[in-house]
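*Asks:* Sharing a structure, written as structure tokens. Questions coming.
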Amino acid sequence: MSSLNHCIKFELDVKDENIVFKDYFYKSIKLQKHKIYEAELIQPACPFCGSLDLLHNGHLITNIHYPTANASLPVIIRLAKQRVKCRDCERWSMAQSELVNKYCSISNASKLKVLSALTEDRSMTSIARENNVSINTVQRVLGNCSHRFIDSYEYLPAHLAFDEFKGVDRQLHFICLDGDSHQVVQILRTRYKKNLLKYFGRFSPQARANVRTVTMDLNFYYQDIVRACFPNAQIVIDRFHMIQMITRSFNSLRVQVMKTFDKRSRQYQLLKSPWKLYLKKFDELEKVHPRYNWHYKDCLTQAQVVTEGINANTALENSYNLMQDFIQAIETGNTQKLKSLINCKDQIGTLMHKTLLTFKYNLTAVLNGAELPYSNGCLEGFNRKIKQIERTAFGYSSFTNLLTRIRLEENLYKEKEPNSLLMVA
């Protein structure tokens, strides 16, 4: 065998002994310079009976796209596949190789490179341009991976987290994560109650009995699903959503009280311009160094601004103190204090009163959220990654493609059968 054949095989990392490279040259195709290698694929024996007594009958020329480190110089292997007839079994066959699948002109190495690029946050257009293939080829490689993510209905983690995110056509899709490992358990097309009951009903009773906690927001039918499917699970309301609800209630009251004053008054300016200070914890406010503010034309510290602002209304002051105590109780896990705050009888805003009634209705789940260490923080972070995947692709029209891309970028893809994965039609 010639040294040229060895050099080309070493350069291209081709290990098939039945491929013999003969020559290479450069050619311009569609105004782009290509490097073309000429090779022959030999059929050493009959694939049906193993006989070596073969009758050769020409070649089938196939131009195979092969990956290269230099994207500006695409590589094509012009492979001549031998056609043979076995004299023993009298059956016709054509030489095949692991370099490329049957009836395909994209090499398996190119598909693996495309598949590796799909695990990164990149658009399909850039992946196709880098690998000198079409966007349809990238989509076929992506679609070919969808069957690899098979659901198992024999195991559920002990701690789950429920939430939803906007996906295809701005519809809300259901997502469930493992609260310990932060790995995706399932992503469903819809978040309807009947679909979730049907999905979790497929799990064995032992798997559903293994679930101990389910963390969620205050979505009411999520709690019905937990009670119906997980007999041993405790419902945990996410701490972030509780604090978000109570701060929004206070902020709504602040705006309502602010609008009762004249826009040129000092009280209006104290409640309007430094609005961010009212949402901070009082212990984090500046209490020593006053600063001049041209809105209310005075030199005050941050703590003085907040104190003077809430003194403008009794309900606003009570709501602010309740909000601060509520946040502190959540952070310290003081369930007794949290319970007394929820049952507060002071004069507060209407929206905050409704918020406390909501907490009172879900008291056990709210106290579990303050006491237990589980939250939906991992789920919110994963939803942020999903938004970035959608933003990079300018949105998805296929839920299957979106789900497959999420799974690939999650780095849970295990390549066990590379040949079967790369069977792209």
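Just remember, in the structure tokens the first chain shown is A, the second B, etc., residues are 1-based per chain, and ligands are 1-based in the order shown.
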Tell me which protein, DNA and RNA residues are within 9 Å of Ser97 in chain A, counting only C-alpha atoms, leaving out same-chain ones fewer than 4 positions away, and put them as a VMD selection string.
*Replies:* chain A and resid 16 18 to 19 41 101 to 102
*Asks:* Could you dump the residues just selected with N, CA and C atoms as a tab-separated table (two decimals), in the first residue's frame?
*Replies:*
```tsv
chain	number	residue	atom	x	y	z
A	16	ASP	N	-10.76	2.69	8.31
A	16	ASP	CA	-11.29	1.57	7.54
A	16	ASP	C	-10.20	1.04	6.60
A	18	ASN	N	-10.54	-1.11	4.28
A	18	ASN	CA	-11.05	-1.38	2.93
A	18	ASN	C	-11.08	-0.13	2.05
A	19	ILE	N	-10.76	1.03	2.61
A	19	ILE	CA	-10.71	2.27	1.84
A	19	ILE	C	-9.26	2.53	1.42
A	41	LEU	N	-13.53	2.04	-2.26
A	41	LEU	CA	-13.99	1.17	-1.17
A	41	LEU	C	-14.09	-0.25	-1.71
A	101	ASN	N	-23.03	6.16	6.14
A	101	ASN	CA	-24.15	5.24	6.12
A	101	ASN	C	-24.60	4.99	4.68
A	102	LYS	N	-25.34	3.93	4.51
A	102	LYS	CA	-25.87	3.58	3.20
A	102	LYS	C	-26.86	4.65	2.72
```
*Asks:* For the structure I just gave you, how does DSSP split range 217-264 of chain A - specifically, which residues are strand (DSSP E)? Reply as a PyMOL selection string.
*Replies:* chain A and resi 234-237
*Asks:* Could the residues in this selection be saved with all heavy atoms as a compact mmCIF listing (two decimals), in the first residue's frame?
*Replies:*
```txt
# COMPACT_ATOMS: atom_id res chain seq x y z
N GLN A 234 -44.96 16.08 51.00
CA GLN A 234 -45.34 17.36 51.59
C GLN A 234 -45.26 18.45 50.53
O GLN A 234 -44.33 18.49 49.73
CB GLN A 234 -44.41 17.73 52.75
CG GLN A 234 -44.44 16.77 53.92
CD GLN A 234 -43.57 17.27 55.05
OE1 GLN A 234 -43.74 18.39 55.55
NE2 GLN A 234 -42.63 16.45 55.48
N ILE A 235 -46.24 19.36 50.55
CA ILE A 235 -46.25 20.48 49.62
C ILE A 235 -45.42 21.62 50.21
O ILE A 235 -45.63 22.02 51.36
CB ILE A 235 -47.69 20.94 49.35
CG1 ILE A 235 -48.49 19.80 48.73
CG2 ILE A 235 -47.71 22.16 48.43
CD1 ILE A 235 -49.96 20.10 48.56
N VAL A 236 -44.48 22.13 49.42
CA VAL A 236 -43.59 23.20 49.86
C VAL A 236 -43.77 24.39 48.92
O VAL A 236 -43.54 24.27 47.71
CB VAL A 236 -42.11 22.74 49.86
CG1 VAL A 236 -41.20 23.87 50.32
CG2 VAL A 236 -41.94 21.51 50.74
N ILE A 237 -44.20 25.53 49.47
CA ILE A 237 -44.33 26.75 48.68
C ILE A 237 -42.96 27.43 48.60
O ILE A 237 -42.29 27.62 49.63
CB ILE A 237 -45.38 27.70 49.28
CG1 ILE A 237 -46.73 26.99 49.37
CG2 ILE A 237 -45.50 28.96 48.44
CD1 ILE A 237 -47.30 26.55 48.05
```
*Asks:* Closest to Lys297 in chain A among A:Leu270, A:Leu408, A:Val114, A:Leu322, using only C-alpha atoms?
*Replies:*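 Closest to Lys297 in chain A, using only C-alpha atoms: A:Leu270.
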*Asks:* Range 165-221 of chain A: which residues are alpha helix (DSSP H) by DSSP, as a list in words?
*Replies:*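 Taking range 165-221 of chain A and keeping alpha helix (DSSP H) gives Lys193, Lys194, Asn195, Leu196, Leu197, Lys198, Tyr199, Phe200, Gly201, Pro205, Gln206, Ala207, Arg208, Ala209, Phe220 and Tyr221 of chain A.
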*Asks:* List the spatial neighbours of Leu279 in chain A as a PyMOL selection string - criterion: any atom at most 10 Å away, only C-alpha atoms, same-chain residues fewer than 4 positions off excluded.
*Replies:* chain A and resi 247-248+250-251+274-275+306+320+323-324
*Asks:* Excluding Ser181 in chain A and its own-chain neighbours fewer than 4 positions away, which residues fall within 10 Å of it when counting only C-alpha atoms? Please give them as number ranges by chain.
*Replies:* A: 157, 159, 177, 378
*Asks:* I'd like the interatomic distance between CA of Thr404 in chain A and CA of Gly143 in chain A, to a tenth of an Å.
*Replies:*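 Atom-to-atom, CA of Thr404 in chain A and CA of Gly143 in chain A are spaced 7.5 Å apart.
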*Asks:* Find the spatial neighbours of Val14 in chain A, counting only C-alpha atoms, within a cut-off of 8 Å - ignore same-chain residues fewer than 3 positions away - and output them as a ChimeraX atom specification.
*Replies:* /A:9-10,99
*Asks:* Which polymer residues have any atom within 9 Å of an atom of range 394-402 of chain A, counting only C-alpha atoms, with same-chain residues fewer than 6 positions away left out, as a list in words?
*Replies:*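 Returned residues: Ser123, Gln139, Leu142, Gly143, Ser146, Gly167, Val168, Asp169, Arg189 and Ile386 of chain A.
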*Asks:* Put those residues in a file: all heavy atoms, as a PDB file, in the first residue's frame.
*Replies:*
```pdb
ATOM      1  N   SER A 123     -26.693  28.671  17.215  1.00  0.00           N
ATOM      2  CA  SER A 123     -27.782  28.535  16.252  1.00  0.00           C
ATOM      3  C   SER A 123     -27.451  27.441  15.243  1.00  0.00           C
ATOM      4  O   SER A 123     -26.280  27.123  14.991  1.00  0.00           O
ATOM      5  CB  SER A 123     -28.015  29.855  15.522  1.00  0.00           C
ATOM      6  OG  SER A 123     -26.900  30.188  14.712  1.00  0.00           O
ATOM      7  N   GLN A 139     -30.861  19.814  11.274  1.00  0.00           N
ATOM      8  CA  GLN A 139     -32.169  19.505  11.845  1.00  0.00           C
ATOM      9  C   GLN A 139     -32.435  18.008  11.870  1.00  0.00           C
ATOM     10  O   GLN A 139     -33.038  17.496  12.821  1.00  0.00           O
ATOM     11  CB  GLN A 139     -33.255  20.224  11.051  1.00  0.00           C
ATOM     12  CG  GLN A 139     -33.244  21.740  11.229  1.00  0.00           C
ATOM     13  CD  GLN A 139     -34.275  22.427  10.374  1.00  0.00           C
ATOM     14  OE1 GLN A 139     -34.751  21.876   9.389  1.00  0.00           O
ATOM     15  NE2 GLN A 139     -34.618  23.665  10.740  1.00  0.00           N
ATOM     16  N   LEU A 142     -30.518  16.579  14.739  1.00  0.00           N
ATOM     17  CA  LEU A 142     -31.222  16.905  15.985  1.00  0.00           C
ATOM     18  C   LEU A 142     -32.448  16.023  16.169  1.00  0.00           C
ATOM     19  O   LEU A 142     -32.680  15.481  17.254  1.00  0.00           O
ATOM     20  CB  LEU A 142     -31.625  18.389  15.972  1.00  0.00           C
ATOM     21  CG  LEU A 142     -32.431  18.880  17.178  1.00  0.00           C
ATOM     22  CD1 LEU A 142     -31.581  18.826  18.442  1.00  0.00           C
ATOM     23  CD2 LEU A 142     -32.944  20.293  16.953  1.00  0.00           C
ATOM     24  N   GLY A 143     -33.247  15.880  15.105  1.00  0.00           N
ATOM     25  CA  GLY A 143     -34.439  15.053  15.202  1.00  0.00           C
ATOM     26  C   GLY A 143     -34.134  13.593  15.422  1.00  0.00           C
ATOM     27  O   GLY A 143     -34.937  12.870  16.028  1.00  0.00           O
ATOM     28  N   SER A 146     -34.083  12.497  19.198  1.00  0.00           N
ATOM     29  CA  SER A 146     -35.257  12.637  20.052  1.00  0.00           C
ATOM     30  C   SER A 146     -35.677  11.303  20.671  1.00  0.00           C
ATOM     31  O   SER A 146     -36.160  11.274  21.810  1.00  0.00           O
ATOM     32  CB  SER A 146     -36.417  13.231  19.248  1.00  0.00           C
ATOM     33  OG  SER A 146     -36.732  12.397  18.143  1.00  0.00           O
ATOM     34  N   GLY A 167     -42.835  28.386  25.760  1.00  0.00           N
ATOM     35  CA  GLY A 167     -42.071  27.734  24.704  1.00  0.00           C
ATOM     36  C   GLY A 167     -42.658  27.967  23.335  1.00  0.00           C
ATOM     37  O   GLY A 167     -42.775  29.107  22.882  1.00  0.00           O
ATOM     38  N   VAL A 168     -43.061  26.893  22.654  1.00  0.00           N
ATOM     39  CA  VAL A 168     -43.554  26.952  21.283  1.00  0.00           C
ATOM     40  C   VAL A 168     -44.871  27.731  21.242  1.00  0.00           C
ATOM     41  O   VAL A 168     -45.786  27.458  22.026  1.00  0.00           O
ATOM     42  CB  VAL A 168     -43.743  25.528  20.734  1.00  0.00           C
ATOM     43  CG1 VAL A 168     -44.317  25.566  19.328  1.00  0.00           C
ATOM     44  CG2 VAL A 168     -42.415  24.782  20.752  1.00  0.00           C
ATOM     45  N   ASP A 169     -44.947  28.717  20.337  1.00  0.00           N
ATOM     46  CA  ASP A 169     -46.140  29.557  20.176  1.00  0.00           C
ATOM     47  C   ASP A 169     -46.529  30.234  21.485  1.00  0.00           C
ATOM     48  O   ASP A 169     -47.724  30.483  21.735  1.00  0.00           O
ATOM     49  CB  ASP A 169     -47.315  28.729  19.643  1.00  0.00           C
ATOM     50  CG  ASP A 169     -47.057  28.197  18.247  1.00  0.00           C
ATOM     51  OD1 ASP A 169     -46.307  28.860  17.496  1.00  0.00           O
ATOM     52  OD2 ASP A 169     -47.581  27.131  17.909  1.00  0.00           O
ATOM     53  N   ARG A 189     -45.621  18.929  27.102  1.00  0.00           N
ATOM     54  CA  ARG A 189     -46.075  19.945  26.153  1.00  0.00           C
ATOM     55  C   ARG A 189     -47.058  20.922  26.808  1.00  0.00           C
ATOM     56  O   ARG A 189     -47.052  22.115  26.504  1.00  0.00           O
ATOM     57  CB  ARG A 189     -46.731  19.280  24.945  1.00  0.00           C
ATOM     58  CG  ARG A 189     -47.141  20.246  23.849  1.00  0.00           C
ATOM     59  CD  ARG A 189     -47.851  19.489  22.729  1.00  0.00           C
ATOM     60  NE  ARG A 189     -46.959  18.542  22.084  1.00  0.00           N
ATOM     61  CZ  ARG A 189     -46.210  18.834  21.030  1.00  0.00           C
ATOM     62  NH1 ARG A 189     -46.242  20.051  20.510  1.00  0.00           N
ATOM     63  NH2 ARG A 189     -45.419  17.918  20.491  1.00  0.00           N
ATOM     64  N   ILE A 386     -33.378  27.831  29.329  1.00  0.00           N
ATOM     65  CA  ILE A 386     -34.311  27.526  28.250  1.00  0.00           C
ATOM     66  C   ILE A 386     -34.630  28.787  27.459  1.00  0.00           C
ATOM     67  O   ILE A 386     -34.705  28.770  26.218  1.00  0.00           O
ATOM     68  CB  ILE A 386     -35.587  26.889  28.824  1.00  0.00           C
ATOM     69  CG1 ILE A 386     -35.274  25.527  29.435  1.00  0.00           C
ATOM     70  CG2 ILE A 386     -36.658  26.738  27.735  1.00  0.00           C
ATOM     71  CD1 ILE A 386     -36.456  24.861  30.108  1.00  0.00           C
TER      72      ILE A 386
END
```
*Asks:* Do a neighbour search on Phe240 in chain A at 9 Å with only C-alpha atoms, toss out local chain neighbours closer than 3 positions, and write the hits as a PDB file with all heavy atoms, in the first residue's frame.
*Replies:*
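Saved to selection12.pdb:
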```pdb
ATOM      1  N   ASP A 217     -44.932  26.975  43.163  1.00  0.00           N
ATOM      2  CA  ASP A 217     -45.498  28.272  43.500  1.00  0.00           C
ATOM      3  C   ASP A 217     -46.922  28.044  44.010  1.00  0.00           C
ATOM      4  O   ASP A 217     -47.309  26.928  44.331  1.00  0.00           O
ATOM      5  CB  ASP A 217     -45.461  29.208  42.285  1.00  0.00           C
ATOM      6  CG  ASP A 217     -46.120  28.573  41.057  1.00  0.00           C
ATOM      7  OD1 ASP A 217     -46.884  27.595  41.228  1.00  0.00           O
ATOM      8  OD2 ASP A 217     -45.856  29.049  39.939  1.00  0.00           O
ATOM      9  N   ILE A 237     -44.197  25.529  49.466  1.00  0.00           N
ATOM     10  CA  ILE A 237     -44.325  26.748  48.676  1.00  0.00           C
ATOM     11  C   ILE A 237     -42.964  27.430  48.602  1.00  0.00           C
ATOM     12  O   ILE A 237     -42.291  27.615  49.626  1.00  0.00           O
ATOM     13  CB  ILE A 237     -45.376  27.700  49.280  1.00  0.00           C
ATOM     14  CG1 ILE A 237     -46.732  26.994  49.369  1.00  0.00           C
ATOM     15  CG2 ILE A 237     -45.496  28.964  48.439  1.00  0.00           C
ATOM     16  CD1 ILE A 237     -47.297  26.546  48.047  1.00  0.00           C
ATOM     17  N   ILE A 243     -42.169  35.869  49.113  1.00  0.00           N
ATOM     18  CA  ILE A 243     -41.626  37.216  49.294  1.00  0.00           C
ATOM     19  C   ILE A 243     -42.029  38.116  48.139  1.00  0.00           C
ATOM     20  O   ILE A 243     -42.328  39.307  48.332  1.00  0.00           O
ATOM     21  CB  ILE A 243     -40.093  37.137  49.444  1.00  0.00           C
ATOM     22  CG1 ILE A 243     -39.732  36.392  50.724  1.00  0.00           C
ATOM     23  CG2 ILE A 243     -39.473  38.534  49.446  1.00  0.00           C
ATOM     24  CD1 ILE A 243     -38.249  36.200  50.928  1.00  0.00           C
ATOM     25  N   GLN A 244     -42.066  37.573  46.934  1.00  0.00           N
ATOM     26  CA  GLN A 244     -42.490  38.365  45.778  1.00  0.00           C
ATOM     27  C   GLN A 244     -43.932  38.834  45.924  1.00  0.00           C
ATOM     28  O   GLN A 244     -44.256  39.994  45.626  1.00  0.00           O
ATOM     29  CB  GLN A 244     -42.322  37.535  44.511  1.00  0.00           C
ATOM     30  CG  GLN A 244     -42.631  38.285  43.225  1.00  0.00           C
ATOM     31  CD  GLN A 244     -42.589  37.385  42.012  1.00  0.00           C
ATOM     32  OE1 GLN A 244     -43.261  36.354  41.973  1.00  0.00           O
ATOM     33  NE2 GLN A 244     -41.776  37.741  41.026  1.00  0.00           N
ATOM     34  N   MET A 245     -44.792  37.962  46.387  1.00  0.00           N
ATOM     35  CA  MET A 245     -46.204  38.336  46.553  1.00  0.00           C
ATOM     36  C   MET A 245     -46.372  39.447  47.582  1.00  0.00           C
ATOM     37  O   MET A 245     -47.118  40.414  47.364  1.00  0.00           O
ATOM     38  CB  MET A 245     -47.027  37.114  46.953  1.00  0.00           C
ATOM     39  CG  MET A 245     -47.281  36.129  45.841  1.00  0.00           C
ATOM     40  SD  MET A 245     -48.334  34.758  46.352  1.00  0.00           S
ATOM     41  CE  MET A 245     -49.855  35.624  46.731  1.00  0.00           C
ATOM     42  N   SER A 375     -36.256  24.641  47.498  1.00  0.00           N
ATOM     43  CA  SER A 375     -36.865  25.793  46.830  1.00  0.00           C
ATOM     44  C   SER A 375     -36.866  25.555  45.334  1.00  0.00           C
ATOM     45  O   SER A 375     -36.317  24.563  44.845  1.00  0.00           O
ATOM     46  CB  SER A 375     -36.107  27.084  47.161  1.00  0.00           C
ATOM     47  OG  SER A 375     -34.846  27.104  46.519  1.00  0.00           O
ATOM     48  N   ASN A 376     -37.461  26.491  44.605  1.00  0.00           N
ATOM     49  CA  ASN A 376     -37.511  26.425  43.147  1.00  0.00           C
ATOM     50  C   ASN A 376     -36.394  27.229  42.499  1.00  0.00           C
ATOM     51  O   ASN A 376     -36.489  27.556  41.313  1.00  0.00           O
ATOM     52  CB  ASN A 376     -38.867  26.937  42.640  1.00  0.00           C
ATOM     53  CG  ASN A 376     -39.888  25.832  42.514  1.00  0.00           C
ATOM     54  OD1 ASN A 376     -39.699  24.744  43.042  1.00  0.00           O
ATOM     55  ND2 ASN A 376     -40.985  26.099  41.829  1.00  0.00           N
ATOM     56  N   GLY A 377     -35.355  27.547  43.256  1.00  0.00           N
ATOM     57  CA  GLY A 377     -34.252  28.321  42.693  1.00  0.00           C
ATOM     58  C   GLY A 377     -33.571  27.611  41.537  1.00  0.00           C
ATOM     59  O   GLY A 377     -33.241  28.218  40.515  1.00  0.00           O
TER      60      GLY A 377
END
```
